[in-house]
Amino acid sequence: MLFDRVEQDEILKLVTSAVPTLGPCRAEGVQVAGDGLGHGGGRPDANLHPELRSQLESLAGSDGPLRVPATGWAWAYPLRGLGGHRGYLVVSAAARPSPDEQFLVRTLAQQAGAALDSAALYRGERTAAEDLSHRTAELDSVNQDLTNVVSDLDQRARTHTALINVAAAGGGEAQIAATLNQLTGMATVVEDTFGNRLGWAGDREPRTSPRTSGCSRTELLNRVQRHGRPLRHRDRVLALAQARGVVLGVLALIDPHHRAGPSDMFALESAAVVLAVELAHQRSLAETELRVRGDLVADLLTGTDDVSALARSAALGHDLHQPHQVLVISWPGADNIDRLTRVVDQTVVRITQARALLNHRDGKVVLVAPAREGGETGYDWTELHRLISAALPSNAGAIGVGRLCADPSGLPRSHSEASRALRVRQTSTQHRGVTTFESLGFYRMLGSEDSNRAMDEFVREWLGALIDYDETHHCDLLHTLWQYYECAGNYDATAHALLIHRSTLRYRLRRIRELTGHDLGVVDTRLNLHIAARAWQIMRAPT
């Protein structure tokens, strides 16, 4: 029974309860070496008497008699095991027990020491086994972590290799989306900053994301940029392709079931970096091409030899061998000249099916456009005005169109004609729309130094009195006369255009008759006054 026990307290309790069964003895207690606890008959947790403690210490591991009050005989039996001395079993009796009874008690003490030794060994083995089990579990966890790390590194290496191959091959948006789709198994979409789709990959084309306002789109991109990592938005996980803090595009995983894990996020981030490089490269090429095209346009408008112009245009993929004409486009209300340039560039492609040569100067876009196939006539540029109006928030633009010229050296003349046509359009009552140089009629004579000098003399002859009067009295009679003729002599239309009452208009016209001495209703007089007023309006407009 002693050796079946593994707990020290259970062994000691069993020993003290067995002593009375071996003879006329009782157990005064048990002292276990090192813990100082005593166990005595029926009270295993009671402490030994202090006097007994000192007597046991003097025995130094040997057995011997003890002095116990109210007893005739007391003896200390050592508890020994393979591990050495483990304590004492203190037994007392009214009289000395027989040798056989003392032998039984001594044997019990020896067995108790061996049992304590065995229990200690078992507890040590159990502790070691538990520690080994714990360490084995820790090792398994470490091994699992290492396996996961190796697997993750392997997945990242495959991701890097796949994306580097795409970048090295010059793959565009569609190829980047296809590679990310293969790595994650999820549908992938590439969009520009405005939400327009640039490419996609997956089993089937993702549904188009609902269009959001410009402010909402900007706020979303700012939120993703501040987050610094891919961010979930509804059924998509978004990552930004950006360079130097400028967002160039958006890469998204379609993940309605929230399956995207860390490896998918890493692949998305890596693909966004490759996309940023691709978009930055495309933007750099576009800016370089636009700058080179702009330089060529500037040289063409100021004048260059045909051979050089033809060679440079051919390098840009543009054929100047066919007739071309110059358009000058002014668009009040456009956000900025760069946006107007992009819109014109994209719109001209829709009309001519070819890239155009264009540049911007003095807040206007200058376009060198080819003739229709055959080279005899130009395009109907009213369609250009309509398409630009649809793409911009304002439709108040005006376009001046010069005549076709067969050689590049004739483009400066076409540019001058387009500028004059634009000025006439802008100074007319219908200041929006398209005016061709061919349609100017009499007004095409304006522009050269000699014609301007002659026209200035003509204006002074017919309108000099009104000009001087307006300057002296800060009036607007000349503008009233011009508006009156522009409205074909209609009182109501003229008053409405000038925002004045009919009676005020009558007074002004009467004053004009008095100052000029002309009858405004005579046909020849009316023609000359109208021409002079229109010429004055054109010449005084900013160039």
# chains A, B, ... in the order shown; residues from 1 in each chain; ligands from 1

call {"tool": "residues_around", "arguments": {"residues": "A:Gln325", "least_positions_apart": "3", "cutoff": "6 Å", "atoms": "only C-alpha atoms", "output": "ChimeraX atom specification"}}
result
/A:368-369,402-404

call {"tool": "write_last_selection", "arguments": {"atoms": "C-alpha atoms", "output": "short mmCIF file (atom, residue, chain, number, x, y, z; two decimals), in the first residue's frame"}}
result
data_model
loop_
_atom_site.label_atom_id
_atom_site.label_comp_id
_atom_site.auth_asym_id
_atom_site.auth_seq_id
_atom_site.Cartn_x
_atom_site.Cartn_y
_atom_site.Cartn_z
CA VAL A 368 -2.50 71.53 -86.42
CA ALA A 369 -5.11 69.26 -87.98
CA GLY A 402 -7.43 78.88 -90.70
CA ARG A 403 -7.29 77.75 -94.30
CA LEU A 404 -5.68 74.52 -95.49
#

call {"tool": "select_by_dssp", "arguments": {"residues": "stretch 37-240 of chain A", "states": "alpha helix (DSSP H)", "output": "MDAnalysis selection string"}}
result
chainID A and resid 50:59 99:168 173:184 214:227

call {"tool": "atom_distance", "arguments": {"atom1": "atom CA of A:Val250", "atom2": "atom CA of A:Arg232"}}
result
12.6 Å

call {"tool": "closest_residue", "arguments": {"among": "A:Val349, A:Val344, A:Leu357, A:Val434", "to": "A:Asp380", "atoms": "only C-alpha atoms"}}
result
A:Val434

call {"tool": "residues_around", "arguments": {"residues": "stretch 150-165 of chain A", "least_positions_apart": "2", "cutoff": "8 Å", "atoms": "only C-alpha atoms", "output": "JSON, numbers by chain"}}
result
{"A": [146, 147, 148, 167, 168, 169, 176, 179, 183, 263, 266, 267, 270, 271, 274]}

call {"tool": "write_last_selection", "arguments": {"atoms": "N, CA and C atoms", "output": "mmCIF file, in the first residue's frame"}}
result
data_model
loop_
_atom_site.group_PDB
_atom_site.id
_atom_site.type_symbol
_atom_site.label_atom_id
_atom_site.label_comp_id
_atom_site.auth_asym_id
_atom_site.auth_seq_id
_atom_site.Cartn_x
_atom_site.Cartn_y
_atom_site.Cartn_z
ATOM 1 N N LEU A 146 7.600 27.918 -38.052
ATOM 2 C CA LEU A 146 8.647 27.900 -39.077
ATOM 3 C C LEU A 146 8.098 27.424 -40.419
ATOM 4 N N THR A 147 7.236 26.386 -40.339
ATOM 5 C CA THR A 147 6.625 25.891 -41.577
ATOM 6 C C THR A 147 5.793 26.976 -42.240
ATOM 7 N N ASN A 148 5.017 27.707 -41.403
ATOM 8 C CA ASN A 148 4.188 28.795 -41.951
ATOM 9 C C ASN A 148 5.060 29.899 -42.549
ATOM 10 N N ALA A 167 6.779 43.051 -64.923
ATOM 11 C CA ALA A 167 7.424 44.359 -65.078
ATOM 12 C C ALA A 167 8.537 44.308 -66.130
ATOM 13 N N ALA A 168 9.324 43.214 -66.122
ATOM 14 C CA ALA A 168 10.430 43.105 -67.078
ATOM 15 C C ALA A 168 9.913 42.991 -68.506
ATOM 16 N N ALA A 169 8.744 42.345 -68.673
ATOM 17 C CA ALA A 169 8.175 42.176 -70.009
ATOM 18 C C ALA A 169 7.409 43.406 -70.469
ATOM 19 N N ILE A 176 -0.943 42.967 -65.540
ATOM 20 C CA ILE A 176 -0.776 43.035 -64.081
ATOM 21 C C ILE A 176 -2.010 42.483 -63.385
ATOM 22 N N THR A 179 -2.016 38.635 -63.691
ATOM 23 C CA THR A 179 -1.048 38.001 -62.789
ATOM 24 C C THR A 179 -1.560 37.999 -61.354
ATOM 25 N N LEU A 183 -2.422 34.788 -58.804
ATOM 26 C CA LEU A 183 -1.809 34.640 -57.480
ATOM 27 C C LEU A 183 -2.840 34.524 -56.372
ATOM 28 N N SER A 263 -1.413 36.686 -47.385
ATOM 29 C CA SER A 263 -0.668 36.491 -48.637
ATOM 30 C C SER A 263 -1.327 37.237 -49.786
ATOM 31 N N PHE A 266 -0.412 40.853 -49.413
ATOM 32 C CA PHE A 266 0.963 41.090 -49.858
ATOM 33 C C PHE A 266 1.032 41.128 -51.379
ATOM 34 N N ALA A 267 0.340 40.183 -52.034
ATOM 35 C CA ALA A 267 0.327 40.170 -53.497
ATOM 36 C C ALA A 267 -0.305 41.447 -54.049
ATOM 37 N N SER A 270 2.207 44.319 -53.614
ATOM 38 C CA SER A 270 3.317 44.196 -54.562
ATOM 39 C C SER A 270 2.859 44.544 -55.972
ATOM 40 N N ALA A 271 1.664 44.076 -56.343
ATOM 41 C CA ALA A 271 1.135 44.389 -57.672
ATOM 42 C C ALA A 271 0.882 45.883 -57.821
ATOM 43 N N VAL A 274 4.139 47.517 -58.779
ATOM 44 C CA VAL A 274 4.443 47.305 -60.202
ATOM 45 C C VAL A 274 3.537 48.181 -61.070
#

call {"tool": "closest_residue", "arguments": {"among": "A:Ser394, A:Gln8, A:Ser58, A:Ser92", "to": "A:Tyr122", "atoms": "only C-alpha atoms"}}
result
A:Gln8

call {"tool": "residues_around", "arguments": {"residues": "A:Thr188", "least_positions_apart": "5", "cutoff": "10 Å", "atoms": "only C-alpha atoms", "output": "list in words"}}
result
Ala174, Ile176, Ala177, Ala178, Thr179, Leu180, Asn181, Gln182, Gly199, Trp200, Ala201, Gly202, Glu205, Pro206, Arg236, Val237, Leu251, Ala252, Leu253, Ile254, Asp255 and Leu268 of chain A

call {"tool": "write_last_selection", "arguments": {"atoms": "all heavy atoms", "output": "compact mmCIF listing (two decimals), in the first residue's frame"}}
result
# COMPACT_ATOMS: atom_id res chain seq x y z
N ALA A 174 -3.67 45.32 -67.99
CA ALA A 174 -4.39 44.05 -68.11
C ALA A 174 -3.51 42.88 -67.68
O ALA A 174 -3.99 41.95 -67.00
CB ALA A 174 -4.86 43.85 -69.54
N ILE A 176 -0.94 42.97 -65.54
CA ILE A 176 -0.78 43.04 -64.08
C ILE A 176 -2.01 42.48 -63.39
O ILE A 176 -1.92 41.72 -62.42
CB ILE A 176 -0.50 44.49 -63.65
CG1 ILE A 176 0.85 44.96 -64.20
CG2 ILE A 176 -0.53 44.62 -62.13
CD1 ILE A 176 1.13 46.43 -63.96
N ALA A 177 -3.19 42.84 -63.88
CA ALA A 177 -4.44 42.32 -63.30
C ALA A 177 -4.51 40.81 -63.45
O ALA A 177 -4.93 40.10 -62.52
CB ALA A 177 -5.65 43.00 -63.95
N ALA A 178 -4.11 40.28 -64.62
CA ALA A 178 -4.16 38.84 -64.85
C ALA A 178 -3.21 38.10 -63.91
O ALA A 178 -3.55 37.04 -63.36
CB ALA A 178 -3.81 38.53 -66.30
N THR A 179 -2.02 38.63 -63.69
CA THR A 179 -1.05 38.00 -62.79
C THR A 179 -1.56 38.00 -61.35
O THR A 179 -1.46 36.99 -60.64
CB THR A 179 0.30 38.74 -62.86
OG1 THR A 179 0.76 38.74 -64.21
CG2 THR A 179 1.33 38.06 -61.97
N LEU A 180 -2.13 39.11 -60.90
CA LEU A 180 -2.69 39.17 -59.54
C LEU A 180 -3.85 38.20 -59.40
O LEU A 180 -4.03 37.57 -58.34
CB LEU A 180 -3.12 40.60 -59.22
CG LEU A 180 -3.66 40.84 -57.81
CD1 LEU A 180 -2.61 40.47 -56.76
CD2 LEU A 180 -4.07 42.30 -57.63
N ASN A 181 -4.64 38.05 -60.45
CA ASN A 181 -5.76 37.09 -60.42
C ASN A 181 -5.23 35.67 -60.26
O ASN A 181 -5.80 34.85 -59.50
CB ASN A 181 -6.57 37.24 -61.70
CG ASN A 181 -7.60 36.12 -61.87
OD1 ASN A 181 -7.46 35.29 -62.76
ND2 ASN A 181 -8.60 36.10 -61.02
N GLN A 182 -4.14 35.31 -60.94
CA GLN A 182 -3.56 33.98 -60.81
C GLN A 182 -2.99 33.76 -59.41
O GLN A 182 -3.07 32.65 -58.86
CB GLN A 182 -2.46 33.80 -61.86
CG GLN A 182 -2.97 33.79 -63.29
CD GLN A 182 -1.83 33.79 -64.29
OE1 GLN A 182 -0.65 33.81 -63.93
NE2 GLN A 182 -2.18 33.78 -65.58
N GLY A 199 -8.35 47.95 -66.82
CA GLY A 199 -8.10 46.54 -67.09
C GLY A 199 -8.74 45.69 -66.01
O GLY A 199 -9.06 46.17 -64.91
N TRP A 200 -8.95 44.41 -66.31
CA TRP A 200 -9.53 43.49 -65.33
C TRP A 200 -9.14 42.07 -65.68
O TRP A 200 -8.69 41.79 -66.79
CB TRP A 200 -11.05 43.62 -65.28
CG TRP A 200 -11.74 43.15 -66.55
CD1 TRP A 200 -11.93 43.87 -67.68
CD2 TRP A 200 -12.26 41.84 -66.80
NE1 TRP A 200 -12.55 43.10 -68.63
CE2 TRP A 200 -12.77 41.85 -68.13
CE3 TRP A 200 -12.34 40.68 -66.05
CZ2 TRP A 200 -13.35 40.74 -68.71
CZ3 TRP A 200 -12.92 39.55 -66.63
CH2 TRP A 200 -13.43 39.59 -67.93
N ALA A 201 -9.30 41.16 -64.70
CA ALA A 201 -9.03 39.74 -64.92
C ALA A 201 -9.89 38.94 -63.96
O ALA A 201 -10.13 39.35 -62.83
CB ALA A 201 -7.54 39.43 -64.71
N GLY A 202 -10.34 37.77 -64.41
CA GLY A 202 -11.20 36.92 -63.60
C GLY A 202 -12.01 36.00 -64.48
O GLY A 202 -11.93 36.03 -65.72
N GLU A 205 -16.29 39.19 -66.19
CA GLU A 205 -16.04 40.61 -65.98
C GLU A 205 -16.79 41.12 -64.76
O GLU A 205 -18.00 40.89 -64.65
CB GLU A 205 -16.47 41.41 -67.21
CG GLU A 205 -16.13 42.90 -67.11
CD GLU A 205 -16.43 43.64 -68.39
OE1 GLU A 205 -16.91 42.98 -69.35
OE2 GLU A 205 -16.20 44.85 -68.45
N PRO A 206 -16.09 41.79 -63.83
CA PRO A 206 -16.78 42.31 -62.63
C PRO A 206 -17.80 43.36 -63.03
O PRO A 206 -17.66 44.05 -64.05
CB PRO A 206 -15.64 42.91 -61.80
CG PRO A 206 -14.39 42.35 -62.37
CD PRO A 206 -14.67 42.07 -63.81
N ARG A 236 -14.78 45.28 -52.10
CA ARG A 236 -13.46 45.38 -52.72
C ARG A 236 -12.39 45.67 -51.68
O ARG A 236 -12.66 46.29 -50.66
CB ARG A 236 -13.43 46.47 -53.79
CG ARG A 236 -14.41 46.24 -54.93
CD ARG A 236 -14.26 47.29 -56.00
NE ARG A 236 -15.10 47.01 -57.16
CZ ARG A 236 -14.93 47.55 -58.34
NH1 ARG A 236 -13.94 48.42 -58.53
NH2 ARG A 236 -15.72 47.26 -59.35
N VAL A 237 -11.17 45.20 -51.98
CA VAL A 237 -9.99 45.57 -51.20
C VAL A 237 -9.12 46.42 -52.11
O VAL A 237 -8.67 45.97 -53.17
CB VAL A 237 -9.21 44.33 -50.71
CG1 VAL A 237 -8.03 44.77 -49.85
CG2 VAL A 237 -10.12 43.40 -49.92
N LEU A 251 -5.78 49.64 -57.68
CA LEU A 251 -5.85 48.20 -57.94
C LEU A 251 -6.76 47.60 -56.90
O LEU A 251 -6.61 47.87 -55.70
CB LEU A 251 -4.44 47.60 -57.85
CG LEU A 251 -4.26 46.15 -58.31
CD1 LEU A 251 -4.65 45.99 -59.77
CD2 LEU A 251 -2.82 45.71 -58.12
N ALA A 252 -7.73 46.78 -57.33
CA ALA A 252 -8.75 46.27 -56.39
C ALA A 252 -8.95 44.78 -56.58
O ALA A 252 -8.97 44.27 -57.72
CB ALA A 252 -10.08 47.00 -56.60
N LEU A 253 -9.08 44.06 -55.44
CA LEU A 253 -9.51 42.67 -55.43
C LEU A 253 -11.01 42.63 -55.17
O LEU A 253 -11.49 43.27 -54.24
CB LEU A 253 -8.77 41.88 -54.35
CG LEU A 253 -7.28 41.60 -54.56
CD1 LEU A 253 -6.72 40.87 -53.34
CD2 LEU A 253 -7.06 40.77 -55.81
N ILE A 254 -11.75 41.87 -55.97
CA ILE A 254 -13.19 41.70 -55.75
C ILE A 254 -13.35 40.58 -54.74
O ILE A 254 -13.10 39.42 -55.04
CB ILE A 254 -13.92 41.38 -57.06
CG1 ILE A 254 -13.52 42.38 -58.15
CG2 ILE A 254 -15.42 41.38 -56.83
CD1 ILE A 254 -13.85 43.82 -57.80
N ASP A 255 -13.74 40.92 -53.52
CA ASP A 255 -13.78 39.95 -52.42
C ASP A 255 -15.07 40.10 -51.61
O ASP A 255 -15.04 40.54 -50.45
CB ASP A 255 -12.54 40.14 -51.53
CG ASP A 255 -12.45 39.11 -50.42
OD1 ASP A 255 -12.96 37.98 -50.60
OD2 ASP A 255 -11.89 39.43 -49.35
N LEU A 268 -1.37 41.91 -53.39
CA LEU A 268 -2.04 43.14 -53.84
C LEU A 268 -1.11 44.34 -53.70
O LEU A 268 -1.00 45.17 -54.62
CB LEU A 268 -3.32 43.36 -53.03
CG LEU A 268 -4.11 44.64 -53.32
CD1 LEU A 268 -4.55 44.68 -54.77
CD2 LEU A 268 -5.32 44.72 -52.38

call {"tool": "residues_around", "arguments": {"residues": "stretch 81-85 of chain A", "least_positions_apart": "5", "cutoff": "7 Å", "atoms": "only C-alpha atoms", "output": "list in words"}}
result
Gly61, Gly113, Ala114 and Asp117 of chain A

call {"tool": "write_last_selection", "arguments": {"atoms": "N, CA, C and O atoms", "output": "compact mmCIF listing (two decimals), in the first residue's frame"}}
result
# COMPACT_ATOMS: atom_id res chain seq x y z
N GLY A 61 20.75 11.54 12.06
CA GLY A 61 20.43 10.50 11.09
C GLY A 61 20.46 9.10 11.64
O GLY A 61 20.10 8.15 10.93
N GLY A 113 10.60 4.91 4.30
CA GLY A 113 11.67 5.66 3.63
C GLY A 113 11.78 5.30 2.17
O GLY A 113 11.97 6.16 1.30
N ALA A 114 11.70 3.96 1.89
CA ALA A 114 11.79 3.53 0.49
C ALA A 114 10.59 4.05 -0.32
O ALA A 114 10.72 4.44 -1.49
N ASP A 117 11.09 7.61 -1.07
CA ASP A 117 12.07 7.73 -2.15
C ASP A 117 11.43 7.43 -3.50
O ASP A 117 11.63 8.14 -4.49

call {"tool": "residues_around", "arguments": {"residues": "A:Leu498", "least_positions_apart": "3", "cutoff": "8 Å", "atoms": "only C-alpha atoms", "output": "JSON, numbers by chain"}}
result
{"A": [480, 483, 494, 495]}

call {"tool": "closest_residue", "arguments": {"among": "A:Ala241, A:Val343, A:Leu285, A:Ala119", "to": "A:Arg5", "atoms": "only C-alpha atoms"}}
result
A:Ala119
